[in-house]
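Data from query20.tsv: TSV, C-alpha atoms and all ligand atoms
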```
chain	number	residue	atom	x	y	z
A	1	MET	CA	-152.64	-220.02	23.21
A	2	ASP	CA	-150.16	-221.65	20.82
A	3	ASN	CA	-150.90	-222.12	17.12
A	4	LYS	CA	-151.80	-225.78	17.38
A	5	ALA	CA	-154.17	-225.19	20.29
A	6	TRP	CA	-155.82	-222.34	18.35
A	7	ALA	CA	-156.22	-224.57	15.28
A	8	GLN	CA	-157.65	-227.39	17.40
A	9	GLU	CA	-160.23	-225.01	18.80
A	10	VAL	CA	-161.22	-223.90	15.27
A	11	ALA	CA	-161.27	-227.54	14.13
A	12	LYS	CA	-163.75	-228.23	16.93
A	13	LYS	CA	-165.97	-225.37	15.77
A	14	ILE	CA	-165.81	-226.76	12.21
A	15	GLN	CA	-166.80	-230.22	13.41
A	16	GLU	CA	-169.69	-228.90	15.51
A	17	LYS	CA	-171.08	-227.01	12.55
A	18	GLU	CA	-170.51	-229.59	9.80
A	19	ILE	CA	-172.13	-232.50	11.65
A	20	GLU	CA	-175.39	-230.51	11.49
A	21	VAL	CA	-174.85	-229.35	7.88
A	22	ILE	CA	-174.24	-232.90	6.62
A	23	LYS	CA	-177.56	-234.15	8.03
A	24	ARG	CA	-179.46	-232.01	5.54
A	25	SER	CA	-176.95	-232.31	2.65
A	26	VAL	CA	-176.23	-236.07	2.27
A	27	ASN	CA	-177.46	-236.33	-1.30
A	28	LYS	CA	-176.17	-232.99	-2.53
A	29	VAL	CA	-173.17	-231.98	-4.59
A	30	PRO	CA	-172.87	-228.37	-3.41
A	31	TYR	CA	-171.21	-225.48	-5.22
A	32	ILE	CA	-172.67	-222.24	-3.88
A	33	ALA	CA	-175.50	-221.42	-1.46
A	34	LYS	CA	-178.59	-219.25	-1.62
A	35	ASN	CA	-180.02	-217.85	1.61
A	36	GLY	CA	-177.70	-220.12	3.58
A	37	VAL	CA	-178.82	-223.32	1.81
A	38	PHE	CA	-176.45	-225.30	-0.41
A	39	ASP	CA	-177.42	-225.77	-4.06
A	40	ASP	CA	-177.07	-229.23	-5.63
A	41	LEU	CA	-175.26	-229.91	-8.92
A	42	SER	CA	-175.85	-233.68	-8.86
A	43	GLU	CA	-178.54	-233.60	-11.54
A	44	THR	CA	-177.56	-230.46	-13.43
A	45	ARG	CA	-173.77	-230.05	-13.55
A	46	LEU	CA	-172.00	-233.16	-12.42
A	47	GLY	CA	-169.09	-232.29	-14.71
A	48	TRP	CA	-168.35	-228.97	-13.00
A	49	TRP	CA	-164.73	-228.50	-11.93
A	50	THR	CA	-165.54	-227.90	-8.25
A	51	ASN	CA	-167.38	-231.15	-7.56
A	52	GLY	CA	-164.47	-232.91	-5.88
A	53	PHE	CA	-164.21	-230.38	-3.05
A	54	TRP	CA	-167.31	-231.63	-1.25
A	55	GLY	CA	-165.77	-235.12	-1.22
A	56	GLY	CA	-162.51	-233.61	0.04
A	57	MET	CA	-164.34	-231.89	2.88
A	58	MET	CA	-165.96	-235.20	3.76
A	59	TRP	CA	-162.62	-237.04	3.88
A	60	GLN	CA	-161.02	-234.28	5.98
A	61	LEU	CA	-163.93	-234.47	8.43
A	62	TYR	CA	-163.92	-238.26	8.42
A	63	GLN	CA	-160.19	-238.31	9.15
A	64	ALA	CA	-160.70	-235.95	12.08
A	65	THR	CA	-163.88	-237.45	13.58
A	66	LYS	CA	-164.35	-240.99	12.19
A	67	GLU	CA	-168.09	-240.22	11.82
A	68	PRO	CA	-169.27	-242.83	9.23
A	69	ILE	CA	-171.63	-240.39	7.50
A	70	TYR	CA	-168.73	-238.41	6.04
A	71	LYS	CA	-167.20	-241.54	4.51
A	72	GLU	CA	-170.54	-242.62	3.04
A	73	VAL	CA	-171.16	-239.24	1.43
A	74	ALA	CA	-167.60	-239.10	0.03
A	75	GLU	CA	-167.87	-242.61	-1.43
A	76	ASN	CA	-171.26	-241.88	-2.99
A	77	LEU	CA	-169.99	-238.69	-4.60
A	78	GLU	CA	-166.97	-240.53	-6.02
A	79	LYS	CA	-169.26	-243.13	-7.63
A	80	LYS	CA	-171.66	-240.48	-8.92
A	81	MET	CA	-168.79	-238.82	-10.78
A	82	ASP	CA	-168.08	-241.98	-12.82
A	83	SER	CA	-170.28	-240.77	-15.66
A	84	VAL	CA	-168.04	-237.67	-15.89
A	85	LEU	CA	-164.93	-239.79	-16.42
A	86	MET	CA	-166.57	-241.13	-19.60
A	87	ASP	CA	-167.62	-237.73	-20.98
A	88	SER	CA	-164.87	-236.05	-22.98
A	89	SER	CA	-166.87	-232.82	-23.19
A	90	VAL	CA	-166.45	-232.18	-19.45
A	91	MET	CA	-163.02	-233.76	-18.88
A	92	ASP	CA	-160.50	-230.93	-18.71
A	93	HIS	CA	-157.31	-230.11	-16.81
A	94	ASP	CA	-159.28	-229.93	-13.55
A	95	SER	CA	-159.08	-233.71	-13.17
A	96	GLY	CA	-156.79	-233.02	-10.22
A	97	PHE	CA	-159.30	-230.81	-8.43
A	98	ARG	CA	-161.98	-233.47	-9.00
A	99	TRP	CA	-160.31	-236.82	-8.37
A	100	LEU	CA	-157.48	-235.98	-5.94
A	101	PRO	CA	-159.84	-235.11	-3.06
A	102	THR	CA	-162.19	-238.01	-3.92
A	103	ALA	CA	-160.74	-241.14	-5.56
A	104	VAL	CA	-157.09	-240.55	-4.65
A	105	ALA	CA	-157.96	-239.60	-1.06
A	106	ASN	CA	-160.07	-242.77	-0.80
A	107	TYR	CA	-157.31	-244.91	-2.30
A	108	ARG	CA	-154.73	-243.47	0.10
A	109	MET	CA	-156.95	-244.24	3.07
A	110	SER	CA	-158.50	-247.56	2.06
A	111	GLY	CA	-156.38	-248.99	-0.77
A	112	SER	CA	-159.60	-249.38	-2.82
A	113	LYS	CA	-158.88	-250.81	-6.29
A	114	GLU	CA	-161.90	-248.99	-7.78
A	115	SER	CA	-160.64	-245.68	-6.45
A	116	ARG	CA	-157.15	-246.33	-7.81
A	117	ASN	CA	-158.70	-247.09	-11.19
A	118	ARG	CA	-160.66	-243.80	-11.18
A	119	GLY	CA	-157.54	-241.87	-10.22
A	120	MET	CA	-155.55	-243.53	-13.02
A	121	ILE	CA	-158.21	-242.82	-15.66
A	122	ALA	CA	-158.30	-239.17	-14.57
A	123	ALA	CA	-154.48	-238.96	-14.56
A	124	SER	CA	-154.21	-240.54	-18.02
A	125	ASN	CA	-156.71	-238.04	-19.38
A	126	LEU	CA	-154.75	-235.18	-17.81
A	127	ALA	CA	-151.47	-236.47	-19.27
A	128	GLY	CA	-153.19	-236.65	-22.68
A	129	ARG	CA	-153.76	-232.88	-22.56
A	130	TYR	CA	-150.02	-232.23	-22.84
A	131	ASN	CA	-148.80	-230.17	-25.79
A	132	ALA	CA	-145.31	-231.60	-26.38
A	133	LYS	CA	-144.13	-228.68	-28.52
A	134	GLY	CA	-145.09	-225.97	-26.03
A	135	GLU	CA	-144.50	-228.23	-22.99
A	136	TYR	CA	-147.76	-227.13	-21.36
A	137	ILE	CA	-151.02	-228.82	-20.34
A	138	VAL	CA	-154.07	-227.48	-22.18
A	139	ALA	CA	-156.54	-226.06	-19.66
A	140	TRP	CA	-159.95	-225.97	-21.32
A	141	ASN	CA	-161.39	-227.85	-24.30
A	142	SER	CA	-162.37	-224.68	-26.15
A	143	ARG	CA	-158.78	-223.34	-26.36
A	144	ALA	CA	-155.92	-225.70	-27.26
A	145	ASP	CA	-153.63	-222.66	-27.05
A	146	TRP	CA	-154.33	-221.70	-23.41
A	147	ALA	CA	-152.73	-222.80	-20.17
A	148	ILE	CA	-153.67	-221.35	-16.77
A	149	ILE	CA	-151.87	-220.97	-13.44
A	150	ASP	CA	-154.61	-223.00	-11.68
A	151	CYS	CA	-153.22	-226.10	-13.41
A	152	MET	CA	-150.33	-226.15	-10.92
A	153	MET	CA	-152.87	-227.57	-8.46
A	154	ASN	CA	-153.78	-230.43	-10.83
A	155	LEU	CA	-150.19	-231.66	-11.23
A	156	PRO	CA	-150.19	-233.71	-7.99
A	157	LEU	CA	-152.57	-236.13	-9.73
A	158	LEU	CA	-149.75	-236.85	-12.21
A	159	TYR	CA	-147.14	-237.17	-9.46
A	160	TRP	CA	-149.45	-239.62	-7.68
A	161	ALA	CA	-149.91	-241.67	-10.87
A	162	SER	CA	-146.13	-242.03	-11.24
A	163	GLU	CA	-145.80	-242.95	-7.57
A	164	VAL	CA	-148.37	-245.77	-7.76
A	165	THR	CA	-147.41	-247.17	-11.17
A	166	GLY	CA	-143.66	-246.61	-11.15
A	167	ASP	CA	-144.07	-245.10	-14.63
A	168	PRO	CA	-142.18	-241.76	-14.72
A	169	ARG	CA	-144.07	-240.34	-17.71
A	170	PHE	CA	-146.82	-238.73	-15.61
A	171	SER	CA	-144.31	-236.93	-13.42
A	172	GLN	CA	-142.23	-235.94	-16.46
A	173	ILE	CA	-145.28	-234.21	-17.97
A	174	ALA	CA	-146.07	-232.50	-14.66
A	175	GLN	CA	-142.50	-231.21	-14.35
A	176	ALA	CA	-142.39	-230.04	-17.97
A	177	HIS	CA	-145.59	-228.07	-17.38
A	178	ALA	CA	-144.26	-226.64	-14.09
A	179	ASP	CA	-141.03	-225.57	-15.85
A	180	THR	CA	-143.06	-223.82	-18.56
A	181	ALA	CA	-145.20	-222.13	-15.90
A	182	MET	CA	-142.09	-220.93	-14.04
A	183	LYS	CA	-140.86	-219.31	-17.25
A	184	ASN	CA	-144.10	-217.91	-18.69
A	185	PHE	CA	-146.46	-217.30	-15.78
A	186	VAL	CA	-144.28	-216.06	-12.93
A	187	ARG	CA	-143.23	-212.43	-13.30
A	188	GLY	CA	-140.06	-210.81	-11.98
A	189	ASP	CA	-141.85	-209.32	-8.95
A	190	GLY	CA	-143.33	-212.68	-7.88
A	191	SER	CA	-146.83	-212.00	-9.20
A	192	VAL	CA	-148.33	-214.43	-11.73
A	193	ASN	CA	-150.39	-214.33	-14.91
A	194	HIS	CA	-153.71	-216.14	-14.90
A	195	ILE	CA	-153.93	-217.22	-18.56
A	196	VAL	CA	-151.06	-217.61	-21.04
A	197	GLU	CA	-151.64	-218.21	-24.75
A	198	PHE	CA	-149.11	-220.28	-26.70
A	199	ASP	CA	-148.81	-221.03	-30.39
A	200	PRO	CA	-149.89	-224.71	-30.20
A	201	ASP	CA	-147.78	-225.62	-33.27
A	202	THR	CA	-144.51	-223.89	-32.38
A	203	GLY	CA	-144.92	-223.65	-28.58
A	204	GLU	CA	-144.03	-219.93	-28.55
A	205	MET	CA	-145.69	-217.80	-25.86
A	206	VAL	CA	-148.07	-215.38	-27.61
A	207	ARG	CA	-149.61	-213.25	-24.84
A	208	SER	CA	-151.12	-213.28	-21.37
A	209	TYR	CA	-154.65	-212.42	-20.24
A	210	GLY	CA	-156.06	-211.03	-17.00
A	211	GLY	CA	-158.53	-213.94	-16.85
A	212	GLN	CA	-160.56	-213.90	-13.64
A	213	GLY	CA	-158.60	-210.90	-12.37
A	214	TYR	CA	-158.94	-207.20	-13.14
A	215	GLU	CA	-156.90	-206.82	-16.35
A	216	VAL	CA	-153.84	-207.94	-18.30
A	217	GLY	CA	-150.81	-207.55	-16.02
A	218	SER	CA	-152.88	-207.38	-12.83
A	219	SER	CA	-152.68	-210.06	-10.15
A	220	TRP	CA	-155.81	-212.09	-9.50
A	221	THR	CA	-155.35	-213.20	-5.91
A	222	ARG	CA	-156.73	-216.74	-6.25
A	223	GLY	CA	-154.31	-217.23	-9.14
A	224	GLN	CA	-151.43	-216.04	-6.93
A	225	ALA	CA	-152.58	-218.54	-4.30
A	226	TRP	CA	-152.85	-221.41	-6.83
A	227	GLY	CA	-149.26	-220.64	-7.90
A	228	LEU	CA	-147.95	-220.32	-4.34
A	229	TYR	CA	-149.49	-223.60	-3.17
A	230	GLY	CA	-149.06	-225.40	-6.51
A	231	PHE	CA	-145.30	-224.81	-6.79
A	232	ALA	CA	-144.89	-225.84	-3.13
A	233	LEU	CA	-146.66	-229.13	-3.97
A	234	SER	CA	-144.45	-229.68	-7.02
A	235	TYR	CA	-141.43	-229.21	-4.73
A	236	ILE	CA	-142.81	-231.71	-2.22
A	237	HIS	CA	-143.33	-234.32	-4.96
A	238	THR	CA	-140.03	-233.80	-6.82
A	239	GLY	CA	-137.55	-232.23	-4.39
A	240	LYS	CA	-136.61	-229.71	-7.14
A	241	LYS	CA	-135.43	-226.60	-5.33
A	242	GLU	CA	-136.44	-224.24	-8.13
A	243	TYR	CA	-140.09	-225.07	-7.41
A	244	LEU	CA	-139.59	-224.25	-3.72
A	245	ASP	CA	-137.86	-220.99	-4.68
A	246	THR	CA	-140.72	-220.12	-7.07
A	247	SER	CA	-143.35	-220.80	-4.42
A	248	ARG	CA	-141.40	-218.60	-1.99
A	249	LYS	CA	-141.11	-215.83	-4.54
A	250	ILE	CA	-144.90	-215.83	-5.05
A	251	ALA	CA	-145.39	-216.05	-1.28
A	252	HIS	CA	-143.27	-212.96	-0.65
A	253	TYR	CA	-145.28	-211.04	-3.25
A	254	PHE	CA	-148.52	-212.25	-1.64
A	255	ILE	CA	-147.38	-211.36	1.88
A	256	SER	CA	-146.15	-207.90	0.92
A	257	ASN	CA	-149.53	-207.15	-0.69
A	258	THR	CA	-151.69	-208.57	2.12
A	259	PRO	CA	-153.63	-205.71	3.74
A	260	GLU	CA	-153.32	-204.97	7.46
A	261	SER	CA	-156.75	-206.58	7.98
A	262	GLY	CA	-155.57	-209.94	6.60
A	263	LEU	CA	-158.59	-209.89	4.25
A	264	ILE	CA	-157.70	-210.48	0.62
A	265	PRO	CA	-159.08	-208.49	-2.35
A	266	ILE	CA	-160.09	-210.16	-5.63
A	267	ASP	CA	-157.02	-208.73	-7.34
A	268	PHE	CA	-154.02	-207.10	-5.69
A	269	ARG	CA	-154.10	-204.55	-8.52
A	270	GLN	CA	-157.82	-203.82	-8.62
A	271	PRO	CA	-158.82	-200.11	-8.59
A	272	ALA	CA	-158.21	-198.42	-5.23
A	273	ASP	CA	-161.90	-197.63	-4.76
A	274	CYS	CA	-162.91	-201.29	-5.10
A	275	GLN	CA	-163.29	-203.05	-1.73
A	276	LEU	CA	-164.38	-206.44	-3.10
A	277	GLU	CA	-162.79	-209.47	-1.44
A	278	ASP	CA	-162.10	-213.12	-2.14
A	279	SER	CA	-161.83	-215.29	0.98
A	280	THR	CA	-160.92	-218.35	-1.13
A	281	ALA	CA	-157.57	-216.73	-2.02
A	282	ALA	CA	-156.78	-216.29	1.67
A	283	ALA	CA	-157.62	-219.93	2.50
A	284	ILE	CA	-155.63	-221.37	-0.42
A	285	ALA	CA	-152.61	-219.13	0.25
A	286	ALA	CA	-152.70	-220.19	3.92
A	287	CYS	CA	-152.45	-223.86	2.86
A	288	GLY	CA	-149.42	-223.04	0.71
A	289	LEU	CA	-147.75	-220.94	3.41
A	290	ILE	CA	-148.16	-223.76	5.95
A	291	GLU	CA	-146.36	-226.12	3.54
A	292	LEU	CA	-143.61	-223.54	2.95
A	293	ALA	CA	-143.16	-223.17	6.71
A	294	LYS	CA	-142.61	-226.95	6.95
A	295	HIS	CA	-140.02	-226.97	4.19
A	296	THR	CA	-137.96	-223.92	5.21
A	297	GLU	CA	-136.10	-222.93	8.35
A	298	GLY	CA	-135.54	-220.07	10.73
A	299	ARG	CA	-136.89	-216.60	10.07
A	300	ASP	CA	-138.52	-217.46	6.74
A	301	SER	CA	-140.31	-220.45	8.17
A	302	ASP	CA	-141.58	-218.31	11.06
A	303	LEU	CA	-142.77	-215.66	8.60
A	304	TYR	CA	-144.76	-218.16	6.51
A	305	LYS	CA	-146.40	-219.65	9.59
A	306	ARG	CA	-147.22	-216.23	11.04
A	307	GLU	CA	-148.74	-215.05	7.76
A	308	ALA	CA	-150.79	-218.23	7.34
A	309	LEU	CA	-152.17	-217.69	10.84
A	310	ARG	CA	-152.92	-214.04	10.12
A	311	LEU	CA	-155.01	-215.06	7.07
A	312	LEU	CA	-156.78	-217.88	8.89
A	313	GLN	CA	-157.51	-215.85	12.02
A	314	ALA	CA	-159.01	-213.07	9.89
A	315	LEU	CA	-161.24	-215.67	8.19
A	316	ASP	CA	-162.19	-217.24	11.53
A	317	GLN	CA	-163.04	-213.95	13.22
A	318	LYS	CA	-164.45	-211.88	10.34
A	319	ARG	CA	-165.54	-214.11	7.47
A	320	SER	CA	-166.86	-217.35	8.97
A	321	MET	CA	-170.51	-218.19	9.51
A	322	TRP	CA	-170.25	-220.44	12.54
A	323	SER	CA	-173.97	-221.01	12.95
A	324	PRO	CA	-174.91	-224.65	12.19
A	325	ASP	CA	-178.18	-223.31	10.74
A	326	VAL	CA	-176.50	-222.08	7.55
A	327	ASP	CA	-174.80	-224.55	5.21
A	328	PRO	CA	-171.69	-222.67	3.98
A	329	LEU	CA	-168.81	-221.63	6.20
A	330	LEU	CA	-166.81	-218.86	4.51
A	331	GLU	CA	-168.39	-215.70	3.19
A	332	LYS	CA	-167.08	-213.12	0.70
A	333	CYS	CA	-165.75	-215.67	-1.79
A	334	THR	CA	-165.53	-214.43	-5.39
A	335	VAL	CA	-165.60	-216.23	-8.74
A	336	ALA	CA	-164.11	-213.49	-10.93
A	337	TYR	CA	-163.58	-209.72	-10.92
A	338	HIS	CA	-165.73	-209.13	-14.01
A	339	GLU	CA	-168.56	-211.43	-12.95
A	340	PRO	CA	-170.78	-209.41	-10.59
A	341	SER	CA	-173.14	-212.32	-9.86
A	342	GLY	CA	-170.14	-214.19	-8.43
A	343	HIS	CA	-168.94	-211.39	-6.14
A	344	GLU	CA	-168.67	-212.06	-2.41
A	345	ILE	CA	-170.81	-215.18	-2.35
A	346	THR	CA	-170.13	-218.52	-0.68
A	347	ILE	CA	-168.22	-221.13	-2.73
A	348	ILE	CA	-167.51	-224.71	-1.76
A	349	TYR	CA	-163.75	-224.55	-2.34
A	350	GLY	CA	-163.48	-221.65	0.12
A	351	ASP	CA	-164.83	-223.96	2.83
A	352	TYR	CA	-162.66	-226.84	1.58
A	353	TYR	CA	-159.32	-224.97	1.72
A	354	PHE	CA	-160.15	-223.28	5.03
A	355	ILE	CA	-160.82	-226.71	6.54
A	356	GLU	CA	-157.68	-228.16	4.91
A	357	ALA	CA	-155.52	-225.35	6.35
A	358	VAL	CA	-157.00	-225.70	9.86
A	359	MET	CA	-156.57	-229.49	9.77
A	360	LYS	CA	-152.94	-229.09	8.68
A	361	LEU	CA	-152.25	-226.82	11.66
A	362	SER	CA	-154.20	-228.90	14.13
A	363	GLY	CA	-152.42	-232.12	13.13
A	364	GLN	CA	-155.59	-233.84	11.83
A	365	GLU	CA	-155.03	-233.48	8.05
B	1	LIG	N1	-159.89	-222.83	-11.30
B	1	LIG	C1	-160.86	-221.81	-11.50
B	1	LIG	C2	-160.93	-220.86	-10.40
B	1	LIG	O1	-160.06	-220.79	-9.56
B	1	LIG	O2	-161.91	-220.12	-10.37
```
How does the structure come out when it is put into structure tokens?
Ligand code: GLY
Amino acid sequence: MDNKAWAQEVAKKIQEKEIEVIKRSVNKVPYIAKNGVFDDLSETRLGWWTNGFWGGMMWQLYQATKEPIYKEVAENLEKKMDSVLMDSSVMDHDSGFRWLPTAVANYRMSGSKESRNRGMIAASNLAGRYNAKGEYIVAWNSRADWAIIDCMMNLPLLYWASEVTGDPRFSQIAQAHADTAMKNFVRGDGSVNHIVEFDPDTGEMVRSYGGQGYEVGSSWTRGQAWGLYGFALSYIHTGKKEYLDTSRKIAHYFISNTPESGLIPIDFRQPADCQLEDSTAAAIAACGLIELAKHTEGRDSDLYKREALRLLQALDQKRSMWSPDVDPLLEKCTVAYHEPSGHEITIIYGDYYFIEAVMKLSGQE
């Protein structure tokens, strides 16, 4: 079976499961699941950074199946999140994760003026987080001196804002942040830091932190995946070859550390006796590798595609709950190395990126 045929078969399994899951989840904003049942953050944590992924899943499924229920749920979620846009305490750099798969996806598909407006408010807020001295985007509201690798995935919101308005400032900020990240996050061996602290007055880099990984200097796998995919996206939006080269450098580090099984640990440098995994890292890295395969040629392109497939096939065969009776899809997703309650659970963005990767390969993205 060729790769596309394999992906189409997995896409069919996804569709058969999700059409049952959605029937009992229409009013939810899921994050994790307990005993196979999605939780619901709509009343308790509407400002949480992961809340756009459910909408993104809905748009991916709508695009593939044209089932109206997916569109309705995605549109309702987008509206529900309006109160968040007006709450500075929960607006942070994750505007991209929240409004790209919801408002921007809707705008791209329908041209909705309301959706464009939401995307622009989110993008303006993100641009406002820029520290001009240090040339970085502040991640969280509690630390004006911290930037994190995850932010690479929020930059496409700024590229989009420049594309639709013709105003280059959004893209300029995104590129300045990406340039800073290339210099201060990406290490010589292609691994990346999770958190970097800067002096917010002078812009000097102060130190790095292990963040959600094992320790300072280790390599949290989801962070590697955010960097791999994020730099590839910056390349796609700007055509700047150094972003492509940086994504490839991270990809080669990721590939050379991927175990034989294709299953990804929480941190590539976690202690040898720790077997804990994070399926989200595998799904996100697969998305990035698929993009790299499209933008490279020959042997390298083949390598990226082969490695993306290896990750996705391991998830399909060993880490997917295909029964329509349980809500989540991917198992063994992990929040952070030092957070035992978040070890090897189900997390909505694991499902989202797995679906995104499969849809990319099957031609239904
Ligand atoms: N952006 C936070 C995380 O990846 O857990």
**OP:** Quick one: residues within 9 Å of (-174.2, -230.8, -4.4) (file frame), counting only C-alpha atoms, please, as a list in words.
**Re:**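 Counting only C-alpha atoms, I find these residues within 9 Å of (-174.2, -230.8, -4.4): Ser25, Val26, Asn27, Lys28, Val29, Pro30, Tyr31, Ile32, Phe38, Asp39, Asp40, Leu41, Ser42, Glu43, Leu46, Asn51, Trp54 and Leu77 of chain A.
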Original post:
So which residues are near ligand LIG 1 (chain B), meaning at most 8 Å away with only C-alpha atoms and all ligand atoms counted, given back as a list in words?
Top reply: Trp49, Asp94, Asp150, Cys151, Gln212, Arg222, Gly223, Trp226, Val335 and Ala336 of chain A
Subject >> Of the listed residues A:Phe268, A:Phe170, A:Tyr159, A:Tyr253, that which approaches Tyr235 (chain A) most closely, counting all atoms listed in the file >> reply: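 The shortest atom-to-atom distance to Tyr235 (chain A) comes from A:Tyr159.
Taking only C-alpha atoms, the non-local environment of region 316-320 of chain A within 9 Å (same-chain residues fewer than 2 positions away omitted) comprises Val10, Leu263, Ser279, Leu311, Leu312, Gln313, Ala314, Trp322, Ser323, Pro328, Leu329, Leu330, Glu331 and Lys332 of chain A.
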Subject >> A:Ile149, A:Ala293, A:Leu158, A:Ala174 ranked by distance to Leu309 (chain A), top pick (using all atoms listed in the file) >> reply: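 Between A:Ile149, A:Ala293, A:Leu158, A:Ala174, the residue approaching Leu309 (chain A) most closely is A:Ala293.
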Subject >> Atomic separation - CA of Cys333 (chain A) relative to CA of Ile347 (chain A), Å >> reply: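 Distance between the two atoms: 6.1 Å.
Ranking A:Met182, A:Ser261, A:Lys34, A:Lys249 by their shortest atom-to-atom distance to Asp300 (chain A), with all atoms listed in the file included, puts A:Lys249 first.
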Original post:
Hey, what's within 8 Å of Tyr70 (chain A) if we count only C-alpha atoms and toss same-chain stuff fewer than 3 positions away? As a PyMOL selection string, please?
Top reply: chain A and resi 22+58-59+61-62+66-67+73-74
Original post:
Expressed in Å to a single decimal, how great is the separation between CA of Ala308 (chain A) and CA of Gly350 (chain A)?
Top reply: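 Computed distance, CA of Ala308 (chain A) to CA of Gly350 (chain A), equals 15.0 Å.
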Subject >> Which residue of A:Leu85, A:Glu344, A:Ala147, A:Ile250 approaches Gln275 (chain A) most closely, using all atoms listed in the file >> reply: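 Residue with the minimum atom-to-atom distance to Gln275 (chain A): A:Glu344.
Look at Glu135 (chain A): the protein and nucleic acid residues within 8 Å of it, using all atoms listed in the file and passing over chain neighbours fewer than 5 places away, are Tyr130, Ile173, Ala176, His177, Thr180 and Gly203 of chain A.
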Subject >> Gly288 (chain A) environment, 12 Å, all atoms listed in the file, sequence neighbours closer than 5 positions dropped, as a ChimeraX atom specification >> reply: /A:153,222,224-236,244,247-248,250-252,254-255,281-283,293-295,304-305,307-309,311,353-354,356-357,360-361
Original post:
Please, what distance in Å, to one decimal, runs between CA of Pro200 (chain A) and CA of Asn141 (chain A)?
Top reply: 13.3 Å
**OP:** Can you pull out every residue within 7 Å of Val138 (chain A), counting all atoms listed in the file, but drop anything in the same chain fewer than 6 positions away, and send it as a PyMOL selection string?
**Re:** chain A and resi 93+129-131+144-147
How about saving the chosen residues, C-alpha atoms kept, as a compact mmCIF listing (two decimals), in the frame of the given file?
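result25.txt, written as the output of this step:
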```txt
# COMPACT_ATOMS: atom_id res chain seq x y z
CA HIS A 93 -157.31 -230.11 -16.81
CA ARG A 129 -153.76 -232.88 -22.56
CA TYR A 130 -150.02 -232.23 -22.84
CA ASN A 131 -148.80 -230.17 -25.79
CA ALA A 144 -155.92 -225.70 -27.26
CA ASP A 145 -153.63 -222.66 -27.05
CA TRP A 146 -154.33 -221.70 -23.41
CA ALA A 147 -152.73 -222.80 -20.17
```
At a cut-off of 10 Å around the point (-154.4, -234.1, 11.3) (file coordinates), what residues fall inside when counting only C-alpha atoms? I'd like the answer as a compact mmCIF listing (two decimals) with C-alpha atoms, in the frame of the given file.
```txt
# COMPACT_ATOMS: atom_id res chain seq x y z
CA GLN A 8 -157.65 -227.39 17.40
CA ALA A 11 -161.27 -227.54 14.13
CA GLN A 60 -161.02 -234.28 5.98
CA LEU A 61 -163.93 -234.47 8.43
CA GLN A 63 -160.19 -238.31 9.15
CA ALA A 64 -160.70 -235.95 12.08
CA GLU A 356 -157.68 -228.16 4.91
CA VAL A 358 -157.00 -225.70 9.86
CA MET A 359 -156.57 -229.49 9.77
CA LYS A 360 -152.94 -229.09 8.68
CA LEU A 361 -152.25 -226.82 11.66
CA SER A 362 -154.20 -228.90 14.13
CA GLY A 363 -152.42 -232.12 13.13
CA GLN A 364 -155.59 -233.84 11.83
CA GLU A 365 -155.03 -233.48 8.05
```
